[in-house]
Amino acid sequence: MNQNILFPDLQHWDAEKQAVGFLAQQAGALIPCFISLADLGKRAQQKLETEEAILKVFNQYRFDLEELAEEAIEEEDFNVLGEIWVR
């Protein structure tokens with residue numbers, strides 16, 4: 001794991017994007033990261049219908065998702081908005 005990329009324990013449900021948002025910090029810069037509800041549901045193999053259930057499942061897979069986000073950051077796989085989307 002690259003110690004230059006940190007993940008604060010901050011996550012939120014973004015209803016507009018239909019995704020869980022979480023942050024990465026690299027060299028003092030905050031990088032918005034997301035996983036879509038569909039991708040999170042596939043990972044968990046269940047239908048997620050409430051914000052509470054969505055965030056609970058996110059936390060169950062948090063370390064795997066952070067690892068994927070870290071790889072995407074290192075590969076500079078940002079979208080046009082400067083976001084990382086984990087799949």
# chains A, B, ... in the order shown; residues from 1 in each chain; ligands from 1
>>> select_by_dssp(residues="chain A", states="helix (DSSP H, G or I)", output="MDAnalysis selection string")
chainID A and resid 37:44 51:60 62:74
>>> residues_around(residues="Phe7 in chain A", least_positions_apart="6", cutoff="8 Å", atoms="only C-alpha atoms", output="ChimeraX atom specification")
/A:22-25,66
>>> closest_residue(among="A:Val80, A:Val20, A:Ile5, A:Ala72", to="Asp39 in chain A", atoms="only C-alpha atoms")
A:Val20
>>> closest_residue(among="A:Ala69, A:Leu55, A:Leu48, A:Leu6", to="Leu30 in chain A", atoms="only C-alpha atoms")
A:Leu6
>>> atom_distance(atom1="CA of Leu10 in chain A", atom2="CA of Thr50 in chain A")
18.3 Å
>>> atom_distance(atom1="CA of Glu49 in chain A", atom2="CA of Ile73 in chain A")
29.2 Å
>>> atom_distance(atom1="CA of Lys56 in chain A", atom2="CA of Asp77 in chain A")
26.5 Å
>>> residues_around(residues="Arg43 in chain A", least_positions_apart="3", cutoff="12 Å", atoms="only C-alpha atoms", output="number ranges by chain")
A: 35-40, 46-48, 54, 57-58, 60-62, 64-65, 86-87
>>> write_last_selection(atoms="all heavy atoms", output="short mmCIF file (atom, residue, chain, number, x, y, z; two decimals), in the first residue's frame")
data_model
loop_
_atom_site.label_atom_id
_atom_site.label_comp_id
_atom_site.auth_asym_id
_atom_site.auth_seq_id
_atom_site.Cartn_x
_atom_site.Cartn_y
_atom_site.Cartn_z
N ILE A 35 -18.17 4.72 -5.74
CA ILE A 35 -18.58 3.41 -6.27
C ILE A 35 -20.08 3.50 -6.47
O ILE A 35 -20.82 3.96 -5.58
CB ILE A 35 -18.19 2.22 -5.37
CG1 ILE A 35 -18.62 0.91 -6.05
CG2 ILE A 35 -18.74 2.35 -3.97
CD1 ILE A 35 -18.01 -0.35 -5.50
N SER A 36 -20.53 3.09 -7.64
CA SER A 36 -21.95 3.18 -7.94
C SER A 36 -22.74 2.17 -7.10
O SER A 36 -22.21 1.15 -6.68
CB SER A 36 -22.21 2.92 -9.42
OG SER A 36 -22.01 1.56 -9.73
N LEU A 37 -24.00 2.48 -6.89
CA LEU A 37 -24.88 1.58 -6.17
C LEU A 37 -24.93 0.22 -6.87
O LEU A 37 -24.88 -0.82 -6.23
CB LEU A 37 -26.27 2.18 -6.06
CG LEU A 37 -27.34 1.31 -5.41
CD1 LEU A 37 -26.95 0.96 -3.98
CD2 LEU A 37 -28.68 2.03 -5.44
N ALA A 38 -25.00 0.23 -8.19
CA ALA A 38 -25.06 -1.02 -8.95
C ALA A 38 -23.81 -1.86 -8.72
O ALA A 38 -23.90 -3.08 -8.47
CB ALA A 38 -25.24 -0.73 -10.44
N ASP A 39 -22.63 -1.23 -8.78
CA ASP A 39 -21.38 -1.99 -8.58
C ASP A 39 -21.24 -2.48 -7.14
O ASP A 39 -20.77 -3.59 -6.91
CB ASP A 39 -20.17 -1.13 -8.97
CG ASP A 39 -20.03 -0.97 -10.47
OD1 ASP A 39 -20.58 -1.82 -11.22
OD2 ASP A 39 -19.39 0.00 -10.91
N LEU A 40 -21.68 -1.68 -6.18
CA LEU A 40 -21.63 -2.10 -4.79
C LEU A 40 -22.57 -3.27 -4.56
O LEU A 40 -22.23 -4.25 -3.88
CB LEU A 40 -21.97 -0.93 -3.87
CG LEU A 40 -21.77 -1.16 -2.38
CD1 LEU A 40 -20.32 -1.50 -2.05
CD2 LEU A 40 -22.22 0.08 -1.61
N GLN A 46 -26.32 -8.50 -3.44
CA GLN A 46 -27.63 -8.23 -2.85
C GLN A 46 -28.14 -6.88 -3.33
O GLN A 46 -27.37 -6.04 -3.77
CB GLN A 46 -27.56 -8.25 -1.32
CG GLN A 46 -26.61 -7.25 -0.71
CD GLN A 46 -26.57 -7.35 0.80
OE1 GLN A 46 -27.57 -7.11 1.45
NE2 GLN A 46 -25.42 -7.70 1.34
N LYS A 47 -29.45 -6.72 -3.24
CA LYS A 47 -30.08 -5.46 -3.61
C LYS A 47 -30.04 -4.54 -2.39
O LYS A 47 -30.49 -4.92 -1.31
CB LYS A 47 -31.52 -5.69 -4.06
CG LYS A 47 -32.17 -4.47 -4.62
CD LYS A 47 -33.51 -4.79 -5.22
CE LYS A 47 -34.10 -3.52 -5.83
NZ LYS A 47 -35.40 -3.79 -6.44
N LEU A 48 -29.50 -3.36 -2.58
CA LEU A 48 -29.36 -2.40 -1.49
C LEU A 48 -30.39 -1.30 -1.69
O LEU A 48 -30.37 -0.61 -2.70
CB LEU A 48 -27.94 -1.83 -1.49
CG LEU A 48 -26.82 -2.88 -1.38
CD1 LEU A 48 -25.47 -2.26 -1.62
CD2 LEU A 48 -26.88 -3.58 -0.04
N ILE A 54 -26.76 0.57 2.36
CA ILE A 54 -25.71 0.90 1.39
C ILE A 54 -24.40 1.22 2.11
O ILE A 54 -23.34 0.68 1.77
CB ILE A 54 -26.16 2.10 0.51
CG1 ILE A 54 -27.33 1.68 -0.37
CG2 ILE A 54 -25.00 2.63 -0.32
CD1 ILE A 54 -28.10 2.85 -0.98
N VAL A 57 -22.81 -1.91 3.79
CA VAL A 57 -22.10 -2.77 2.84
C VAL A 57 -20.80 -2.09 2.38
O VAL A 57 -19.76 -2.73 2.27
CB VAL A 57 -22.99 -3.15 1.64
CG1 VAL A 57 -22.19 -3.78 0.52
CG2 VAL A 57 -24.09 -4.10 2.11
N PHE A 58 -20.87 -0.78 2.15
CA PHE A 58 -19.64 -0.06 1.78
C PHE A 58 -18.55 -0.31 2.83
O PHE A 58 -17.41 -0.61 2.50
CB PHE A 58 -19.90 1.44 1.64
CG PHE A 58 -18.63 2.21 1.42
CD1 PHE A 58 -18.08 2.31 0.15
CD2 PHE A 58 -17.97 2.81 2.48
CE1 PHE A 58 -16.87 2.99 -0.05
CE2 PHE A 58 -16.78 3.49 2.30
CZ PHE A 58 -16.24 3.58 1.03
N GLN A 60 -18.23 -2.77 4.85
CA GLN A 60 -17.78 -4.16 4.82
C GLN A 60 -16.69 -4.37 3.76
O GLN A 60 -15.81 -5.21 3.92
CB GLN A 60 -18.94 -5.11 4.56
CG GLN A 60 -19.91 -5.21 5.70
CD GLN A 60 -21.14 -6.03 5.35
OE1 GLN A 60 -21.45 -6.27 4.19
NE2 GLN A 60 -21.88 -6.45 6.37
N TYR A 61 -16.79 -3.63 2.67
CA TYR A 61 -15.86 -3.78 1.55
C TYR A 61 -14.87 -2.63 1.46
O TYR A 61 -14.13 -2.52 0.48
CB TYR A 61 -16.65 -3.90 0.23
CG TYR A 61 -17.40 -5.19 0.14
CD1 TYR A 61 -18.73 -5.28 0.56
CD2 TYR A 61 -16.79 -6.34 -0.35
CE1 TYR A 61 -19.42 -6.48 0.50
CE2 TYR A 61 -17.48 -7.54 -0.42
CZ TYR A 61 -18.79 -7.60 0.01
OH TYR A 61 -19.48 -8.79 -0.05
N ARG A 62 -14.86 -1.78 2.45
CA ARG A 62 -14.07 -0.54 2.45
C ARG A 62 -12.61 -0.75 2.04
O ARG A 62 -12.10 -0.06 1.18
CB ARG A 62 -14.14 0.12 3.82
CG ARG A 62 -13.20 1.26 3.97
CD ARG A 62 -13.32 1.93 5.34
NE ARG A 62 -13.04 3.31 5.10
CZ ARG A 62 -13.94 4.25 4.85
NH1 ARG A 62 -15.21 3.96 4.88
NH2 ARG A 62 -13.58 5.47 4.58
N ASP A 64 -11.07 -3.17 0.43
CA ASP A 64 -10.93 -3.58 -0.97
C ASP A 64 -11.19 -2.40 -1.90
O ASP A 64 -10.47 -2.22 -2.89
CB ASP A 64 -11.91 -4.71 -1.30
CG ASP A 64 -11.60 -6.01 -0.57
OD1 ASP A 64 -10.42 -6.21 -0.20
OD2 ASP A 64 -12.52 -6.81 -0.37
N LEU A 65 -12.19 -1.61 -1.59
CA LEU A 65 -12.53 -0.46 -2.43
C LEU A 65 -11.44 0.61 -2.37
O LEU A 65 -11.10 1.22 -3.38
CB LEU A 65 -13.89 0.12 -2.01
CG LEU A 65 -15.06 -0.85 -2.16
CD1 LEU A 65 -16.32 -0.27 -1.54
CD2 LEU A 65 -15.28 -1.21 -3.62
N VAL A 86 -14.62 3.58 -8.76
CA VAL A 86 -14.19 2.20 -8.53
C VAL A 86 -15.23 1.26 -9.11
O VAL A 86 -16.43 1.48 -8.96
CB VAL A 86 -14.02 1.95 -7.01
CG1 VAL A 86 -13.70 0.50 -6.73
CG2 VAL A 86 -12.98 2.88 -6.43
N ARG A 87 -14.78 0.22 -9.75
CA ARG A 87 -15.71 -0.77 -10.33
C ARG A 87 -15.41 -2.14 -9.78
O ARG A 87 -14.38 -2.49 -9.43
CB ARG A 87 -15.58 -0.79 -11.85
CG ARG A 87 -15.78 0.59 -12.42
CD ARG A 87 -16.38 0.57 -13.79
NE ARG A 87 -16.49 1.86 -14.39
CZ ARG A 87 -17.29 2.85 -14.00
NH1 ARG A 87 -18.01 2.71 -12.94
NH2 ARG A 87 -17.34 3.97 -14.66
#
>>> select_by_dssp(residues="chain A", states="strand (DSSP E)", output="PyMOL selection string")
chain A and resi 5-6+11-14+19-26+29-36+84-86
